[in-house]
Amino acid sequence: MSGSGSSSSSRVLSCSWNGEEETRESPIRYRVGPLAYEPAVYCNCVPVRKAALWISWSNKNPGRRYRKCYRACQGGCGFIGWYEGPHDPFVQTLLIDLRDAVWELKKQRSVLKLALKEASEDHEAKKKELEDKMNRLELEKLVMRAVLCMWHILSKITEKVGRTITKNDDFLSEFMSCVWGSETPDEFEARWTSIMSRNT
């Protein structure tokens with residue numbers, strides 16, 4: 001048997017009544033709490049407490065309400081009793097069919113939610129992988145462009161400043177630092193002017 005403790009959720013309880021055992025979530029949301037009934041019936045706990053009103057969803061008593069010790073899940077006093085008589089056999093069969101249909105729909109929803117979660121995670125992983133590849137390609141393009149630019153500069157340096165200067169190790173060291181260390185065109189121009197003023 002199973003029941004709910006509030007109107008907004010369905011707790012899962014395990015209860016036994018005349019040999020029946022059912023541990024499932026209630027197929028419906030309860031409209032009232034387990035203590036919202038009158039007249040009150042008290043269990044055998046000390047101090048005395050109002051018994052909780054649950055709904056059985058077992059095959060033998062689907063939709064049939066019963067009272068049980070509110071602390072039954074923690075041991076309790078063992079109090080239990082039907083709140084009403086059994087339903088008509090036709091109504092019982094109908095309730096079982098409806099209960100099973102709701103449980104199956106909830107099961108399918110859980111499977112779909114899990115599949116959607118996995119698909120979303122897979123999509124994010126593939127998206128990140130693609131972004132990483134694109135970033136690597138862009139980096140490779142930048143490196144290749146830098147290499148080509150450096151090749152062009154080195155191929156023209158002798159023509160621009162003369163063969164004698166290019167054989168000077170200090171000049172070459174400063175020149176490479178100027179090319180690779182300058183972050184802006186203005187910085188490059190300033191460093192290049194300084195190098196040339198010292199070497200010409």
# chains A, B, ... in the order shown; residues from 1 in each chain; ligands from 1
$ residues_around --residues "Thr93 in chain A" --least-positions-apart "6" --cutoff "12 Å" --atoms "only C-alpha atoms" --output "count of residues only"
10
$ residues_around --residues "range 152-159 of chain A" --least-positions-apart "4" --cutoff "12 Å" --atoms "only C-alpha atoms" --output "list in words"
Arg145, Ala146, Val147, Leu148, Arg163, Thr164, Ile165, Thr166, Lys167, Asn168, Phe171, Leu172, Phe175, Met176, Val179 and Trp180 of chain A
$ write_last_selection --atoms "N, CA and C atoms" --output "short mmCIF file (atom, residue, chain, number, x, y, z; two decimals), in the first residue's frame"
data_model
loop_
_atom_site.label_atom_id
_atom_site.label_comp_id
_atom_site.auth_asym_id
_atom_site.auth_seq_id
_atom_site.Cartn_x
_atom_site.Cartn_y
_atom_site.Cartn_z
N ARG A 145 50.55 31.99 -39.94
CA ARG A 145 50.65 33.36 -40.43
C ARG A 145 51.88 34.04 -39.85
N ALA A 146 52.14 33.80 -38.56
CA ALA A 146 53.31 34.39 -37.91
C ALA A 146 54.60 33.86 -38.52
N VAL A 147 54.62 32.56 -38.80
CA VAL A 147 55.81 31.95 -39.41
C VAL A 147 56.07 32.54 -40.79
N LEU A 148 54.99 32.68 -41.58
CA LEU A 148 55.14 33.25 -42.92
C LEU A 148 55.60 34.71 -42.87
N ARG A 163 74.04 43.85 -45.33
CA ARG A 163 74.55 42.55 -44.92
C ARG A 163 75.41 42.65 -43.67
N THR A 164 76.15 43.74 -43.52
CA THR A 164 77.08 43.88 -42.38
C THR A 164 76.32 43.85 -41.05
N ILE A 165 75.24 44.62 -40.97
CA ILE A 165 74.47 44.67 -39.71
C ILE A 165 73.85 43.32 -39.37
N THR A 166 73.35 42.63 -40.39
CA THR A 166 72.67 41.36 -40.13
C THR A 166 73.61 40.29 -39.61
N LYS A 167 74.91 40.50 -39.74
CA LYS A 167 75.86 39.54 -39.22
C LYS A 167 76.23 39.83 -37.76
N ASN A 168 75.70 40.93 -37.25
CA ASN A 168 75.95 41.31 -35.87
C ASN A 168 74.99 40.55 -34.94
N PHE A 171 72.60 42.71 -32.87
CA PHE A 171 71.51 43.25 -33.69
C PHE A 171 70.43 42.21 -33.92
N LEU A 172 70.86 41.00 -34.28
CA LEU A 172 69.89 39.93 -34.54
C LEU A 172 69.06 39.61 -33.29
N PHE A 175 66.69 42.43 -32.77
CA PHE A 175 65.70 42.40 -33.85
C PHE A 175 64.62 41.34 -33.58
N MET A 176 65.04 40.14 -33.18
CA MET A 176 64.08 39.07 -32.88
C MET A 176 63.20 39.45 -31.69
N VAL A 179 60.61 41.91 -32.94
CA VAL A 179 59.54 41.28 -33.75
C VAL A 179 58.59 40.48 -32.87
N TRP A 180 59.12 39.64 -32.01
CA TRP A 180 58.27 38.73 -31.23
C TRP A 180 57.75 39.37 -29.94
#
$ select_by_dssp --residues "range 56-156 of chain A" --states "helix (DSSP H, G or I)" --output "ChimeraX atom specification"
/A:72-74,89-156
$ closest_residue --among "A:Trp192, A:Tyr70, A:Tyr83, A:Trp103" --to "Arg49 in chain A" --atoms "only C-alpha atoms"
A:Tyr70
$ select_by_dssp --residues "range 22-200 of chain A" --states "strand (DSSP E or B)" --output "PyMOL selection string"
chain A and resi 22-25+42+50+52-56+64-68+80-82
$ closest_atom_pairs --of "range 66-124 of chain A" --to "range 22-46 of chain A" --cutoff "10 Å" --atoms "only C-alpha atoms" --output "CSV"
residue,atom,partner,partner_atom,distance
A:Arg67,CA,A:Val41,CA,8.1
A:Lys68,CA,A:Cys43,CA,7.4
A:Cys69,CA,A:Cys43,CA,5.7
A:Tyr70,CA,A:Cys43,CA,8.2
A:Arg71,CA,A:Cys45,CA,8.8
A:Gly76,CA,A:Cys45,CA,7.0
A:Cys77,CA,A:Cys45,CA,5.5
A:Gly78,CA,A:Asn44,CA,7.9
A:Phe79,CA,A:Cys43,CA,5.7
A:Ile80,CA,A:Cys43,CA,8.0
A:Gly81,CA,A:Cys43,CA,9.9
A:Tyr83,CA,A:Val41,CA,9.9
A:Leu98,CA,A:Pro27,CA,8.7
A:Arg99,CA,A:Pro27,CA,5.9
A:Asp100,CA,A:Pro27,CA,8.3
A:Ala101,CA,A:Pro27,CA,9.1
A:Val102,CA,A:Pro27,CA,5.9
A:Trp103,CA,A:Pro27,CA,6.3
A:Glu104,CA,A:Pro27,CA,9.9
A:Leu105,CA,A:Pro27,CA,9.9
A:Lys106,CA,A:Pro27,CA,8.6
$ write_last_selection --atoms "N, CA, C and O atoms" --output "mmCIF file, in the first residue's frame"
data_model
loop_
_atom_site.group_PDB
_atom_site.id
_atom_site.type_symbol
_atom_site.label_atom_id
_atom_site.label_comp_id
_atom_site.auth_asym_id
_atom_site.auth_seq_id
_atom_site.Cartn_x
_atom_site.Cartn_y
_atom_site.Cartn_z
ATOM 1 N N ARG A 67 -6.705 3.990 7.973
ATOM 2 C CA ARG A 67 -5.986 4.755 8.986
ATOM 3 C C ARG A 67 -4.829 3.899 9.502
ATOM 4 O O ARG A 67 -4.963 2.696 9.672
ATOM 5 N N LYS A 68 -3.728 4.576 9.765
ATOM 6 C CA LYS A 68 -2.562 3.869 10.275
ATOM 7 C C LYS A 68 -1.749 4.785 11.166
ATOM 8 O O LYS A 68 -1.801 6.010 11.003
ATOM 9 N N CYS A 69 -1.007 4.203 12.106
ATOM 10 C CA CYS A 69 -0.147 4.987 12.985
ATOM 11 C C CYS A 69 0.733 5.916 12.153
ATOM 12 O O CYS A 69 1.352 5.499 11.168
ATOM 13 N N TYR A 70 0.754 7.184 12.535
ATOM 14 C CA TYR A 70 1.501 8.190 11.766
ATOM 15 C C TYR A 70 2.993 7.878 11.757
ATOM 16 O O TYR A 70 3.699 8.227 10.815
ATOM 17 N N ARG A 71 3.477 7.193 12.786
ATOM 18 C CA ARG A 71 4.897 6.872 12.889
ATOM 19 C C ARG A 71 5.192 5.446 12.428
ATOM 20 O O ARG A 71 6.193 4.862 12.819
ATOM 21 N N GLY A 76 6.398 2.754 15.086
ATOM 22 C CA GLY A 76 5.028 3.051 15.494
ATOM 23 C C GLY A 76 4.446 2.046 16.457
ATOM 24 O O GLY A 76 5.127 1.193 17.021
ATOM 25 N N CYS A 77 3.136 2.150 16.641
ATOM 26 C CA CYS A 77 2.449 1.286 17.608
ATOM 27 C C CYS A 77 1.729 0.112 16.947
ATOM 28 O O CYS A 77 1.141 -0.731 17.630
ATOM 29 N N GLY A 78 1.721 0.057 15.630
ATOM 30 C CA GLY A 78 1.074 -1.055 14.938
ATOM 31 C C GLY A 78 -0.394 -0.842 14.652
ATOM 32 O O GLY A 78 -1.056 -1.722 14.076
ATOM 33 N N PHE A 79 -0.926 0.315 15.002
ATOM 34 C CA PHE A 79 -2.345 0.569 14.763
ATOM 35 C C PHE A 79 -2.617 0.670 13.262
ATOM 36 O O PHE A 79 -1.907 1.313 12.513
ATOM 37 N N ILE A 80 -3.705 0.018 12.823
ATOM 38 C CA ILE A 80 -4.138 0.105 11.434
ATOM 39 C C ILE A 80 -5.600 -0.312 11.347
ATOM 40 O O ILE A 80 -6.051 -1.190 12.093
ATOM 41 N N GLY A 81 -6.371 0.331 10.483
ATOM 42 C CA GLY A 81 -7.782 -0.019 10.330
ATOM 43 C C GLY A 81 -8.372 0.651 9.108
ATOM 44 O O GLY A 81 -7.967 1.755 8.739
ATOM 45 N N TYR A 83 -10.789 2.734 6.776
ATOM 46 C CA TYR A 83 -11.618 3.917 6.953
ATOM 47 C C TYR A 83 -12.991 3.713 6.310
ATOM 48 O O TYR A 83 -13.967 4.326 6.707
ATOM 49 N N LEU A 98 -6.546 2.032 -14.252
ATOM 50 C CA LEU A 98 -6.126 3.429 -14.255
ATOM 51 C C LEU A 98 -4.803 3.607 -13.500
ATOM 52 O O LEU A 98 -3.913 4.351 -13.942
ATOM 53 N N ARG A 99 -4.693 2.927 -12.362
ATOM 54 C CA ARG A 99 -3.440 2.995 -11.585
ATOM 55 C C ARG A 99 -2.256 2.526 -12.406
ATOM 56 O O ARG A 99 -1.211 3.183 -12.484
ATOM 57 N N ASP A 100 -2.410 1.364 -13.060
ATOM 58 C CA ASP A 100 -1.312 0.810 -13.857
ATOM 59 C C ASP A 100 -0.960 1.711 -15.040
ATOM 60 O O ASP A 100 0.214 1.839 -15.414
ATOM 61 N N ALA A 101 -1.996 2.326 -15.643
ATOM 62 C CA ALA A 101 -1.748 3.228 -16.775
ATOM 63 C C ALA A 101 -0.940 4.444 -16.318
ATOM 64 O O ALA A 101 0.002 4.867 -17.001
ATOM 65 N N VAL A 102 -1.282 4.998 -15.145
ATOM 66 C CA VAL A 102 -0.549 6.150 -14.621
ATOM 67 C C VAL A 102 0.878 5.755 -14.277
ATOM 68 O O VAL A 102 1.834 6.485 -14.601
ATOM 69 N N TRP A 103 1.051 4.612 -13.617
ATOM 70 C CA TRP A 103 2.401 4.154 -13.274
ATOM 71 C C TRP A 103 3.252 3.944 -14.534
ATOM 72 O O TRP A 103 4.430 4.275 -14.560
ATOM 73 N N GLU A 104 2.646 3.404 -15.577
ATOM 74 C CA GLU A 104 3.392 3.164 -16.819
ATOM 75 C C GLU A 104 3.789 4.499 -17.466
ATOM 76 O O GLU A 104 4.908 4.645 -17.968
ATOM 77 N N LEU A 105 2.869 5.453 -17.451
ATOM 78 C CA LEU A 105 3.187 6.774 -18.005
ATOM 79 C C LEU A 105 4.301 7.451 -17.212
ATOM 80 O O LEU A 105 5.197 8.083 -17.790
ATOM 81 N N LYS A 106 4.261 7.318 -15.891
ATOM 82 C CA LYS A 106 5.316 7.903 -15.066
ATOM 83 C C LYS A 106 6.654 7.213 -15.340
ATOM 84 O O LYS A 106 7.707 7.877 -15.375
#
$ atom_distance --atom1 "CA of Lys113 in chain A" --atom2 "CA of Lys126 in chain A"
19.8 Å
